[in-house]
Structures are given as structure tokens and as C-alpha cells.
Amino acid sequence: MSLFKYIDIKPLGDDRGDLISLEANQNIPFSIKRVYYIFNTEQLASRGFHAHKKLKQVAFCIKGQCNFILDDGSEREVALLDSPNKGILIEQMLWREMHDFSHDCILMIVASEHYDESDYLRDYDHFIKEVNLDKG
Ligand code: TYD
């Protein structure tokens, strides 16, 4: 079983161009409380390196591409995001890292919660301890 789910959004384009619509509890499987985007990323920079206790997210590269590494404490998987109509659903308690940003990458994330630093696990060893606690 994969650690994440691809979310394919049907483009509503026509001969004028493309249009993508994201709707809470429709093609995005939660109530959206926050949207943020990452752009002008330095060549060779990597981001993320954290997990969330509660937050769910769907990430899209609306321009360019980048790689996500997802890790549940036992397995690691890589997901390439390279299309504005292909997102990945990242559930809670998954370590994520973003690498290999193209110079033009705009990474847009829709999130189920407002920003809350106390929801972050930013230390990998701490994350592993929490995963093992959850397993009982
Ligand atoms: P950070 O968590 O380091 O970004 P990433 O995990 O994508 O590499 O966030 C960078 C800074 O921005 C940090 O000080 C927290 C702040 N921030 C907010 O204030 N609101 C937000 O919605 C996000 C995602 C980050």
C-alpha cells in the first residue's frame, strides 16, 4: 500500500486554455482552512523535514516540478509532482521532504488546519518515537 494517494483533478480547460478548480470536501477530501505556496526556491535547496500530528494536506506543483519523499517510520516513497492537475494527499504522521525543485517550481499546498507550530514534529527521532507510541 502506498503512503500517499494521487489526486487527479479533471481540468476544465477549453480552447482558451486550462482551468483547475479545487473544492473542499469534493475533489479535496477535507475542509480547506489554509492555502500556501512555495516559489523562487534556491537551486539545490530542500524543504519540509517534518511530520504533522493532525494536519492533512494536498500538494500540487502548479508550475514546474519537485520530488516529495514520504516516510511513515518504516517505509520511504518518492512521489514526483510535475503537473498542475496531479496532487498528492498527505495524511497525518508522515515525514515529508521536498527535493529537486525546478527553477520555475510553484508548489501549492491546501491544508486542513490553520498554521500551528505545535502540530509539527520537526525532529526525525522524535517522529519515530511518536509513530511507535501510536502503534502501541
Ligand atoms: P517551514 O515549515 O520551514 O516550511 P517548509 O516545511 O515548507 O520547508 O516554514 C517556514 C516559515 O514559515 C516558518 O517560520 C513557519 C512559517 N509558516 C507560517 O507562518 N505559516 C504557514 O502556513 C507555513 C507553512 C509556514
# chains A, B, ... in the order shown; residues from 1 in each chain; ligands from 1
call {"tool": "residues_around", "arguments": {"residues": "Leu81 in chain A", "least_positions_apart": "2", "cutoff": "12 Å", "atoms": "only C-alpha atoms", "output": "ChimeraX atom specification"}}
result
/A:6-8,58-69,78-79,83-89,98-102,105-109
call {"tool": "residues_around", "arguments": {"residues": "range 24-36 of chain A", "least_positions_apart": "3", "cutoff": "6 Å", "atoms": "only C-alpha atoms", "output": "PDB file with N, CA, C and O atoms, in the first residue's frame"}}
result
ATOM      1  N   MET A 108       2.029  24.448  -4.525  1.00  0.00           N
ATOM      2  CA  MET A 108       0.874  24.985  -3.795  1.00  0.00           C
ATOM      3  C   MET A 108       0.296  23.888  -2.902  1.00  0.00           C
ATOM      4  O   MET A 108       0.117  22.755  -3.349  1.00  0.00           O
ATOM      5  N   ILE A 109       0.000  24.268  -1.678  1.00  0.00           N
ATOM      6  CA  ILE A 109      -0.480  23.287  -0.708  1.00  0.00           C
ATOM      7  C   ILE A 109      -1.786  23.761  -0.101  1.00  0.00           C
ATOM      8  O   ILE A 109      -1.902  24.924   0.325  1.00  0.00           O
ATOM      9  N   VAL A 110      -2.778  22.880  -0.113  1.00  0.00           N
ATOM     10  CA  VAL A 110      -4.020  23.176   0.598  1.00  0.00           C
ATOM     11  C   VAL A 110      -4.028  22.317   1.853  1.00  0.00           C
ATOM     12  O   VAL A 110      -3.659  21.145   1.820  1.00  0.00           O
ATOM     13  N   ALA A 111      -4.412  22.933   2.960  1.00  0.00           N
ATOM     14  CA  ALA A 111      -4.243  22.281   4.260  1.00  0.00           C
ATOM     15  C   ALA A 111      -5.546  22.292   5.047  1.00  0.00           C
ATOM     16  O   ALA A 111      -6.383  23.194   4.899  1.00  0.00           O
ATOM     17  N   SER A 112      -5.687  21.280   5.893  1.00  0.00           N
ATOM     18  CA  SER A 112      -6.934  21.101   6.653  1.00  0.00           C
ATOM     19  C   SER A 112      -6.993  21.948   7.925  1.00  0.00           C
ATOM     20  O   SER A 112      -8.022  21.989   8.586  1.00  0.00           O
ATOM     21  N   GLU A 113      -5.865  22.599   8.281  1.00  0.00           N
ATOM     22  CA  GLU A 113      -5.824  23.362   9.536  1.00  0.00           C
ATOM     23  C   GLU A 113      -5.107  24.688   9.321  1.00  0.00           C
ATOM     24  O   GLU A 113      -4.297  24.819   8.406  1.00  0.00           O
ATOM     25  N   HIS A 114      -5.364  25.617  10.222  1.00  0.00           N
ATOM     26  CA  HIS A 114      -4.573  26.842  10.248  1.00  0.00           C
ATOM     27  C   HIS A 114      -3.141  26.503  10.660  1.00  0.00           C
ATOM     28  O   HIS A 114      -2.881  25.423  11.205  1.00  0.00           O
TER      29      HIS A 114
END
call {"tool": "residues_near_ligand", "arguments": {"ligand": "ligand 1", "cutoff": "6 Å", "atoms": "only C-alpha atoms and all ligand atoms", "output": "PyMOL selection string"}}
result
chain A and resi 47-48+115
call {"tool": "write_last_selection", "arguments": {"atoms": "C-alpha atoms", "output": "PDB file, in the first residue's frame"}}
result
ATOM      1  CA  ARG A  47      12.370  21.816   2.361  1.00  0.00           C
ATOM      2  CA  GLY A  48       9.963  20.101   4.691  1.00  0.00           C
ATOM      3  CA  TYR A 115      -0.847  27.207  10.831  1.00  0.00           C
TER       4      TYR A 115
END
call {"tool": "closest_residue", "arguments": {"among": "A:Arg76, A:Lys10, A:His50, A:Lys56", "to": "Glu91 in chain A", "atoms": "only C-alpha atoms"}}
result
A:Lys56
call {"tool": "residues_around", "arguments": {"residues": "Ala51 in chain A", "least_positions_apart": "5", "cutoff": "9 Å", "atoms": "only C-alpha atoms", "output": "PyMOL selection string"}}
result
chain A and resi 92-96+119-124+127
call {"tool": "write_last_selection", "arguments": {"atoms": "N, CA and C atoms", "output": "PDB file, in the first residue's frame"}}
result
ATOM      1  N   GLN A  92      -1.889  12.598   8.129  1.00  0.00           N
ATOM      2  CA  GLN A  92      -1.105  12.928   9.321  1.00  0.00           C
ATOM      3  C   GLN A  92      -0.045  11.861   9.587  1.00  0.00           C
ATOM      4  N   MET A  93       0.936  12.224  10.389  1.00  0.00           N
ATOM      5  CA  MET A  93       2.017  11.348  10.834  1.00  0.00           C
ATOM      6  C   MET A  93       2.801  10.722   9.681  1.00  0.00           C
ATOM      7  N   LEU A  94       3.111  11.566   8.706  1.00  0.00           N
ATOM      8  CA  LEU A  94       4.023  11.164   7.631  1.00  0.00           C
ATOM      9  C   LEU A  94       5.148  12.190   7.548  1.00  0.00           C
ATOM     10  N   TRP A  95       6.360  11.706   7.665  1.00  0.00           N
ATOM     11  CA  TRP A  95       7.518  12.581   7.476  1.00  0.00           C
ATOM     12  C   TRP A  95       7.609  12.946   6.002  1.00  0.00           C
ATOM     13  N   ARG A  96       7.795  14.239   5.702  1.00  0.00           N
ATOM     14  CA  ARG A  96       7.922  14.639   4.295  1.00  0.00           C
ATOM     15  C   ARG A  96       9.138  15.533   4.076  1.00  0.00           C
ATOM     16  N   ASP A 119       1.628  21.562  16.057  1.00  0.00           N
ATOM     17  CA  ASP A 119       1.223  20.358  15.320  1.00  0.00           C
ATOM     18  C   ASP A 119       2.409  19.706  14.593  1.00  0.00           C
ATOM     19  N   TYR A 120       3.564  20.402  14.587  1.00  0.00           N
ATOM     20  CA  TYR A 120       4.725  19.921  13.831  1.00  0.00           C
ATOM     21  C   TYR A 120       5.581  18.969  14.672  1.00  0.00           C
ATOM     22  N   LEU A 121       6.114  17.944  14.015  1.00  0.00           N
ATOM     23  CA  LEU A 121       7.218  17.148  14.570  1.00  0.00           C
ATOM     24  C   LEU A 121       8.399  17.421  13.650  1.00  0.00           C
ATOM     25  N   ARG A 122       9.372  18.186  14.133  1.00  0.00           N
ATOM     26  CA  ARG A 122      10.462  18.627  13.257  1.00  0.00           C
ATOM     27  C   ARG A 122      11.763  17.862  13.506  1.00  0.00           C
ATOM     28  N   ASP A 123      11.710  16.933  14.434  1.00  0.00           N
ATOM     29  CA  ASP A 123      12.897  16.132  14.741  1.00  0.00           C
ATOM     30  C   ASP A 123      12.588  14.677  14.355  1.00  0.00           C
ATOM     31  N   TYR A 124      13.418  14.100  13.472  1.00  0.00           N
ATOM     32  CA  TYR A 124      13.101  12.774  12.937  1.00  0.00           C
ATOM     33  C   TYR A 124      13.034  11.715  14.035  1.00  0.00           C
ATOM     34  N   PHE A 127       9.839  12.021  15.814  1.00  0.00           N
ATOM     35  CA  PHE A 127       8.777  11.490  14.951  1.00  0.00           C
ATOM     36  C   PHE A 127       8.701   9.963  15.077  1.00  0.00           C
TER      37      PHE A 127
END
call {"tool": "atom_distance", "arguments": {"atom1": "CA of Ile128 in chain A", "atom2": "CA of Phe4 in chain A"}}
result
18.1 Å
